[in-house]
$ cat final28.pdb   # PDB, C-alpha atoms, pLDDT in the B column
MODEL        1
ATOM      1  CA  MET A   1      93.377 115.140  37.136  1.00 71.00           C
ATOM      2  CA  ARG A   2      95.644 112.338  35.980  1.00 84.00           C
ATOM      3  CA  ARG A   3      97.283 110.261  38.679  1.00 90.00           C
ATOM      4  CA  PRO A   4     100.977 109.297  38.537  1.00 91.00           C
ATOM      5  CA  GLN A   5     101.653 105.857  37.149  1.00 89.00           C
ATOM      6  CA  ARG A   6     102.408 103.319  39.869  1.00 88.00           C
ATOM      7  CA  ILE A   7     105.928 101.925  39.952  1.00 93.00           C
ATOM      8  CA  ARG A   8     106.438  98.437  41.283  1.00 91.00           C
ATOM      9  CA  ILE A   9     109.968  97.399  42.145  1.00 93.00           C
ATOM     10  CA  ALA A  10     110.335  93.637  42.597  1.00 88.00           C
ATOM     11  CA  ASP A  11     113.567  93.854  44.575  1.00 91.00           C
ATOM     12  CA  ARG A  12     116.093  96.556  45.345  1.00 92.00           C
ATOM     13  CA  SER A  13     119.149  95.103  43.649  1.00 96.00           C
ATOM     14  CA  LEU A  14     121.091  97.490  41.423  1.00 97.00           C
ATOM     15  CA  ALA A  15     120.193  95.403  38.366  1.00 97.00           C
ATOM     16  CA  THR A  16     116.467  95.686  39.085  1.00 97.00           C
ATOM     17  CA  VAL A  17     116.368  99.382  39.970  1.00 97.00           C
ATOM     18  CA  GLU A  18     118.519 100.234  36.950  1.00 97.00           C
ATOM     19  CA  LYS A  19     115.888  98.546  34.743  1.00 97.00           C
ATOM     20  CA  VAL A  20     113.127 100.551  36.454  1.00 97.00           C
ATOM     21  CA  ALA A  21     115.181 103.726  35.936  1.00 98.00           C
ATOM     22  CA  ALA A  22     115.671 102.891  32.239  1.00 98.00           C
ATOM     23  CA  GLU A  23     111.896 102.612  31.870  1.00 96.00           C
ATOM     24  CA  LEU A  24     111.468 106.012  33.554  1.00 97.00           C
ATOM     25  CA  ASP A  25     114.102 107.452  31.200  1.00 97.00           C
ATOM     26  CA  ARG A  26     112.014 106.267  28.226  1.00 97.00           C
ATOM     27  CA  ARG A  27     108.983 108.069  29.687  1.00 96.00           C
ATOM     28  CA  LEU A  28     110.764 111.393  30.442  1.00 96.00           C
ATOM     29  CA  PRO A  29     109.380 113.158  27.340  1.00 96.00           C
ATOM     30  CA  THR A  30     105.855 112.659  28.717  1.00 95.00           C
ATOM     31  CA  PHE A  31     106.664 114.192  32.119  1.00 96.00           C
ATOM     32  CA  GLU A  32     106.450 117.820  33.175  1.00 96.00           C
ATOM     33  CA  SER A  33     109.883 119.330  33.769  1.00 97.00           C
ATOM     34  CA  ARG A  34     111.346 122.206  35.725  1.00 97.00           C
ATOM     35  CA  ARG A  35     114.867 123.615  35.423  1.00 97.00           C
ATOM     36  CA  GLY A  36     116.800 125.353  38.133  1.00 96.00           C
ATOM     37  CA  VAL A  37     120.157 126.534  39.400  1.00 95.00           C
ATOM     38  CA  PHE A  38     121.479 126.866  42.910  1.00 89.00           C
ATOM     39  CA  THR A  39     124.823 127.394  44.591  1.00 88.00           C
ATOM     40  CA  VAL A  40     126.180 125.894  47.784  1.00 79.00           C
ATOM     41  CA  GLY A  41     129.615 127.249  48.686  1.00 81.00           C
ATOM     42  CA  GLU A  42     131.754 127.039  45.538  1.00 83.00           C
ATOM     43  CA  ALA A  43     129.550 124.380  43.938  1.00 86.00           C
ATOM     44  CA  THR A  44     126.987 125.371  41.323  1.00 93.00           C
ATOM     45  CA  SER A  45     124.216 122.973  40.458  1.00 94.00           C
ATOM     46  CA  ARG A  46     122.113 123.058  37.290  1.00 97.00           C
ATOM     47  CA  TYR A  47     119.263 120.599  37.309  1.00 97.00           C
ATOM     48  CA  THR A  48     116.152 119.470  35.525  1.00 98.00           C
ATOM     49  CA  ALA A  49     113.460 117.808  37.614  1.00 98.00           C
ATOM     50  CA  PHE A  50     110.810 115.589  36.030  1.00 98.00           C
ATOM     51  CA  PHE A  51     107.311 115.072  37.453  1.00 97.00           C
ATOM     52  CA  ASP A  52     104.671 112.466  36.644  1.00 96.00           C
ATOM     53  CA  ALA A  53     101.305 114.125  37.397  1.00 94.00           C
ATOM     54  CA  GLY A  54     102.973 116.248  40.085  1.00 94.00           C
ATOM     55  CA  GLU A  55     105.031 113.440  41.633  1.00 95.00           C
ATOM     56  CA  LEU A  56     108.828 113.836  41.476  1.00 96.00           C
ATOM     57  CA  ARG A  57     110.299 110.938  39.481  1.00 97.00           C
ATOM     58  CA  HIS A  58     113.728 112.019  38.304  1.00 98.00           C
ATOM     59  CA  ILE A  59     116.373 114.729  38.601  1.00 98.00           C
ATOM     60  CA  GLU A  60     119.265 115.219  36.190  1.00 98.00           C
ATOM     61  CA  GLU A  61     121.953 117.385  37.737  1.00 98.00           C
ATOM     62  CA  LEU A  62     125.204 118.892  36.525  1.00 97.00           C
ATOM     63  CA  LEU A  63     127.286 119.846  39.542  1.00 94.00           C
ATOM     64  CA  HIS A  64     130.240 122.148  38.854  1.00 94.00           C
ATOM     65  CA  LEU A  65     132.967 122.322  41.486  1.00 89.00           C
ATOM     66  CA  GLY A  66     135.125 124.968  39.854  1.00 86.00           C
ATOM     67  CA  GLU A  67     138.701 123.880  39.189  1.00 86.00           C
ATOM     68  CA  TYR A  68     138.116 120.615  41.071  1.00 87.00           C
ATOM     69  CA  GLY A  69     135.841 119.127  38.409  1.00 93.00           C
ATOM     70  CA  SER A  70     132.207 118.266  37.849  1.00 95.00           C
ATOM     71  CA  SER A  71     129.623 115.523  38.245  1.00 96.00           C
ATOM     72  CA  ARG A  72     126.656 114.330  36.239  1.00 98.00           C
ATOM     73  CA  ILE A  73     124.147 112.904  38.702  1.00 98.00           C
ATOM     74  CA  ARG A  74     120.831 111.148  38.107  1.00 98.00           C
ATOM     75  CA  TYR A  75     118.308 110.628  40.905  1.00 98.00           C
ATOM     76  CA  TYR A  76     115.252 108.365  40.633  1.00 98.00           C
ATOM     77  CA  PHE A  77     112.256 108.536  42.982  1.00 97.00           C
ATOM     78  CA  ASN A  78     109.189 106.487  43.819  1.00 95.00           C
ATOM     79  CA  ASN A  79     106.610 107.659  46.381  1.00 91.00           C
ATOM     80  CA  ARG A  80     108.872 110.670  47.127  1.00 90.00           C
ATOM     81  CA  ALA A  81     111.739 108.353  48.161  1.00 94.00           C
ATOM     82  CA  LEU A  82     115.069 108.015  46.364  1.00 96.00           C
ATOM     83  CA  PHE A  83     115.496 104.496  44.971  1.00 97.00           C
ATOM     84  CA  LEU A  84     118.533 105.002  42.696  1.00 98.00           C
ATOM     85  CA  TYR A  85     121.428 107.445  42.625  1.00 98.00           C
ATOM     86  CA  VAL A  86     123.892 107.319  39.714  1.00 98.00           C
ATOM     87  CA  GLU A  87     126.917 109.614  39.404  1.00 98.00           C
ATOM     88  CA  ARG A  88     129.812 110.059  37.018  1.00 98.00           C
ATOM     89  CA  ALA A  89     132.341 112.476  38.508  1.00 96.00           C
ATOM     90  CA  GLU A  90     135.368 113.914  36.776  1.00 95.00           C
ATOM     91  CA  ARG A  91     137.892 115.370  39.185  1.00 89.00           C
ATOM     92  CA  SER A  92     140.954 117.312  38.110  1.00 82.00           C
ATOM     93  CA  GLY A  93     143.090 115.896  40.877  1.00 63.00           C
ATOM     94  CA  MET A  94     144.459 118.344  43.400  1.00 55.00           C
ATOM     95  CA  GLY A  95     142.534 121.430  42.359  1.00 47.00           C
ATOM     96  CA  GLY A  96     144.185 121.653  38.950  1.00 48.00           C
ATOM     97  CA  LEU A  97     147.729 121.451  40.351  1.00 54.00           C
ATOM     98  CA  GLY A  98     148.931 119.030  37.707  1.00 55.00           C
ATOM     99  CA  MET A  99     147.603 115.808  39.224  1.00 61.00           C
ATOM    100  CA  SER A 100     146.002 113.417  36.746  1.00 72.00           C
ATOM    101  CA  ALA A 101     142.246 113.463  36.273  1.00 85.00           C
ATOM    102  CA  GLU A 102     140.124 110.894  38.053  1.00 94.00           C
ATOM    103  CA  ILE A 103     136.794 109.405  36.934  1.00 96.00           C
ATOM    104  CA  THR A 104     134.599 108.120  39.749  1.00 96.00           C
ATOM    105  CA  GLU A 105     131.358 106.288  39.024  1.00 98.00           C
ATOM    106  CA  ARG A 106     128.905 105.463  41.798  1.00 98.00           C
ATOM    107  CA  ALA A 107     125.505 103.789  41.870  1.00 98.00           C
ATOM    108  CA  PHE A 108     123.442 103.365  45.041  1.00 98.00           C
ATOM    109  CA  ALA A 109     120.168 101.419  45.256  1.00 97.00           C
ATOM    110  CA  TYR A 110     117.850 102.185  48.178  1.00 97.00           C
ATOM    111  CA  ASP A 111     114.955 100.245  49.676  1.00 94.00           C
ATOM    112  CA  SER A 112     111.494 101.723  50.244  1.00 89.00           C
ATOM    113  CA  ILE A 113     112.490 103.211  53.630  1.00 89.00           C
ATOM    114  CA  GLY A 114     115.688 104.839  52.365  1.00 90.00           C
ATOM    115  CA  GLN A 115     118.240 102.265  53.478  1.00 94.00           C
ATOM    116  CA  LEU A 116     121.091 101.393  51.116  1.00 95.00           C
ATOM    117  CA  SER A 117     120.416  97.968  49.605  1.00 96.00           C
ATOM    118  CA  GLU A 118     123.265  97.641  47.088  1.00 97.00           C
ATOM    119  CA  SER A 119     126.059  99.839  45.784  1.00 97.00           C
ATOM    120  CA  ARG A 120     128.859 100.026  43.243  1.00 98.00           C
ATOM    121  CA  LYS A 121     131.820 102.380  42.959  1.00 98.00           C
ATOM    122  CA  THR A 122     134.736 102.524  40.572  1.00 98.00           C
ATOM    123  CA  ILE A 123     137.644 104.935  40.286  1.00 96.00           C
ATOM    124  CA  ASN A 124     139.176 104.998  36.817  1.00 96.00           C
ATOM    125  CA  GLY A 125     137.377 101.727  36.117  1.00 96.00           C
ATOM    126  CA  ARG A 126     138.669  99.857  39.188  1.00 97.00           C
ATOM    127  CA  PRO A 127     136.366  98.797  42.047  1.00 98.00           C
ATOM    128  CA  ALA A 128     136.724 101.025  45.102  1.00 97.00           C
ATOM    129  CA  PRO A 129     135.268 101.006  48.620  1.00 97.00           C
ATOM    130  CA  ILE A 130     132.407 103.328  49.492  1.00 96.00           C
ATOM    131  CA  GLU A 131     133.070 105.591  52.440  1.00 95.00           C
ATOM    132  CA  ASP A 132     130.414 106.528  54.988  1.00 94.00           C
ATOM    133  CA  TYR A 133     130.838 110.233  54.224  1.00 95.00           C
ATOM    134  CA  GLU A 134     129.829 109.561  50.584  1.00 95.00           C
ATOM    135  CA  LEU A 135     126.508 108.084  51.665  1.00 95.00           C
ATOM    136  CA  MET A 136     125.868 111.019  53.991  1.00 96.00           C
ATOM    137  CA  SER A 137     126.810 113.466  51.247  1.00 94.00           C
ATOM    138  CA  VAL A 138     124.326 111.850  48.839  1.00 95.00           C
ATOM    139  CA  ARG A 139     121.587 111.947  51.467  1.00 95.00           C
ATOM    140  CA  ASN A 140     122.277 115.610  52.327  1.00 93.00           C
ATOM    141  CA  HIS A 141     122.566 116.785  48.736  1.00 92.00           C
ATOM    142  CA  THR A 142     119.368 114.969  47.721  1.00 95.00           C
ATOM    143  CA  ALA A 143     117.573 116.732  50.584  1.00 94.00           C
ATOM    144  CA  GLU A 144     118.992 120.106  49.408  1.00 91.00           C
ATOM    145  CA  LEU A 145     117.698 119.488  45.895  1.00 92.00           C
ATOM    146  CA  LYS A 146     114.257 118.502  47.143  1.00 93.00           C
ATOM    147  CA  ARG A 147     114.148 121.660  49.320  1.00 92.00           C
ATOM    148  CA  GLU A 148     115.139 123.729  46.296  1.00 91.00           C
ATOM    149  CA  LEU A 149     112.300 122.152  44.290  1.00 91.00           C
ATOM    150  CA  SER A 150     109.759 122.955  47.005  1.00 89.00           C
ATOM    151  CA  LYS A 151     110.427 126.715  46.729  1.00 84.00           C
TER     152      LYS A 151
ENDMDL
END
$ encode --input "final28.pdb" --output "structure tokens"
Amino acid sequence: MRRPQRIRIADRSLATVEKVAAELDRRLPTFESRRGVFTVGEATSRYTAFFDAGELRHIEELLHLGEYGSSRIRYYFNNRALFLYVERAERSGMGGLGMSAEITERAFAYDSIGQLSESRKTINGRPAPIEDYELMSVRNHTAELKRELSK
């Protein structure tokens, strides 16, 4: 049986892990893939998970939040640990009550033990602070996806 290709990450800066992720993106057509759907509350998630010789490498997720908007999320893994999370969220404002739409982009780089090493967030193109609840939400949702994949 073929073994997964080793990934070496020189440092855990966003610039470095984004380059590693771009290389994984180029290799996606060679990976096995599995599609799925699951619902948590009012949120529906459609995802495609990619495996290199059985090892989870990447998840592409479309998260629909009903009238509140949606997110396109990309997760990148090495040795079963998340090393990059990238999200582009489109929110309709106050549940479609006429508030203007908001585009939030987030990128989180993690070290080999799962600690945040660098992050970036913009709202409508302007830098914005990252709240603790966002980091917890990413951690929890990633765990939900991995549980879903283990079924």
$ closest_atom_pairs --input "final28.pdb" --of "stretch 16-98 of chain A" --to "stretch 118-135 of chain A" --cutoff "12 Å" --atoms "all atoms listed in the file" --output "JSON lines"
{"residue": "A:Thr16", "atom": "CA", "partner": "A:Glu118", "partner_atom": "CA", "distance": 10.7}
{"residue": "A:Val17", "atom": "CA", "partner": "A:Glu118", "partner_atom": "CA", "distance": 10.1}
{"residue": "A:Glu18", "atom": "CA", "partner": "A:Glu118", "partner_atom": "CA", "distance": 11.5}
{"residue": "A:Phe83", "atom": "CA", "partner": "A:Glu118", "partner_atom": "CA", "distance": 10.6}
{"residue": "A:Leu84", "atom": "CA", "partner": "A:Ser119", "partner_atom": "CA", "distance": 9.6}
{"residue": "A:Tyr85", "atom": "CA", "partner": "A:Ser119", "partner_atom": "CA", "distance": 9.4}
{"residue": "A:Val86", "atom": "CA", "partner": "A:Arg120", "partner_atom": "CA", "distance": 9.5}
{"residue": "A:Glu87", "atom": "CA", "partner": "A:Lys121", "partner_atom": "CA", "distance": 9.4}
{"residue": "A:Arg88", "atom": "CA", "partner": "A:Thr122", "partner_atom": "CA", "distance": 9.7}
{"residue": "A:Ala89", "atom": "CA", "partner": "A:Ile123", "partner_atom": "CA", "distance": 9.4}
{"residue": "A:Glu90", "atom": "CA", "partner": "A:Asn124", "partner_atom": "CA", "distance": 9.7}
{"residue": "A:Arg91", "atom": "CA", "partner": "A:Ile123", "partner_atom": "CA", "distance": 10.5}
$ closest_residue --input "final28.pdb" --among "A:Glu102, A:Glu148, A:Asp52, A:Glu42" --to "A:Pro29" --atoms "only C-alpha atoms"
A:Asp52
$ atom_distance --input "final28.pdb" --atom1 "atom CA of A:Phe108" --atom2 "atom CA of A:Glu67"
26.2 Å
$ closest_residue --input "final28.pdb" --among "A:Ala143, A:Gly114, A:Ile103, A:Leu149" --to "A:Phe51" --atoms "only C-alpha atoms"
A:Leu149
$ closest_residue --input "final28.pdb" --among "A:Arg8, A:Gly66, A:Ala15, A:Tyr110" --to "A:Thr39" --atoms "all atoms listed in the file"
A:Gly66
$ residues_around --input "final28.pdb" --residues "A:Ile73" --least-positions-apart "6" --cutoff "12 Å" --atoms "only C-alpha atoms" --output "list in words"
Ser45, Arg46, Tyr47, Thr48, Ala49, His58, Ile59, Glu60, Glu61, Leu62, Leu63, His64, Leu84, Tyr85, Val86, Glu87, Arg88, Ala89, Glu90, Thr104, Glu105, Arg106, Ala107, Phe108, Val138, His141, Thr142 and Leu145 of chain A
$ closest_residue --input "final28.pdb" --among "A:Leu65, A:Ala101, A:Ser70, A:Arg6" --to "A:Ala43" --atoms "all atoms listed in the file"
A:Leu65
$ atom_distance --input "final28.pdb" --atom1 "atom CA of A:Ile113" --atom2 "atom CA of A:Leu14"
16.0 Å
$ atom_distance --input "final28.pdb" --atom1 "atom CA of A:Gly54" --atom2 "atom CA of A:Glu144"
18.9 Å
$ resolve_selection --input "final28.pdb" --expression "the PyMOL selection byres ((chain A and resi 55) around 12)" --output "short mmCIF file (atom, residue, chain, number, x, y, z; two decimals) with C-alpha atoms, in the frame of the given file"
data_model
loop_
_atom_site.label_atom_id
_atom_site.label_comp_id
_atom_site.auth_asym_id
_atom_site.auth_seq_id
_atom_site.Cartn_x
_atom_site.Cartn_y
_atom_site.Cartn_z
CA ARG A 2 95.64 112.34 35.98
CA ARG A 3 97.28 110.26 38.68
CA PRO A 4 100.98 109.30 38.54
CA GLN A 5 101.65 105.86 37.15
CA ARG A 6 102.41 103.32 39.87
CA ILE A 7 105.93 101.92 39.95
CA PHE A 31 106.66 114.19 32.12
CA GLU A 32 106.45 117.82 33.17
CA SER A 33 109.88 119.33 33.77
CA ALA A 49 113.46 117.81 37.61
CA PHE A 50 110.81 115.59 36.03
CA PHE A 51 107.31 115.07 37.45
CA ASP A 52 104.67 112.47 36.64
CA ALA A 53 101.30 114.12 37.40
CA GLY A 54 102.97 116.25 40.08
CA LEU A 56 108.83 113.84 41.48
CA ARG A 57 110.30 110.94 39.48
CA HIS A 58 113.73 112.02 38.30
CA ILE A 59 116.37 114.73 38.60
CA TYR A 76 115.25 108.36 40.63
CA PHE A 77 112.26 108.54 42.98
CA ASN A 78 109.19 106.49 43.82
CA ASN A 79 106.61 107.66 46.38
CA ARG A 80 108.87 110.67 47.13
CA ALA A 81 111.74 108.35 48.16
CA LYS A 146 114.26 118.50 47.14
CA LEU A 149 112.30 122.15 44.29
CA SER A 150 109.76 122.96 47.00
#
$ closest_residue --input "final28.pdb" --among "A:Ser71, A:Gln115, A:Ser100, A:Thr44" --to "A:Arg139" --atoms "only C-alpha atoms"
A:Gln115
$ axis_aligned_box --input "final28.pdb" --around "stretch 73-90 of chain A" --padding-each-side "3 Å" --output "JSON"
{"center_x": 121.0, "center_y": 109.2, "center_z": 42.5, "size_x": 34.8, "size_y": 15.4, "size_z": 17.4}
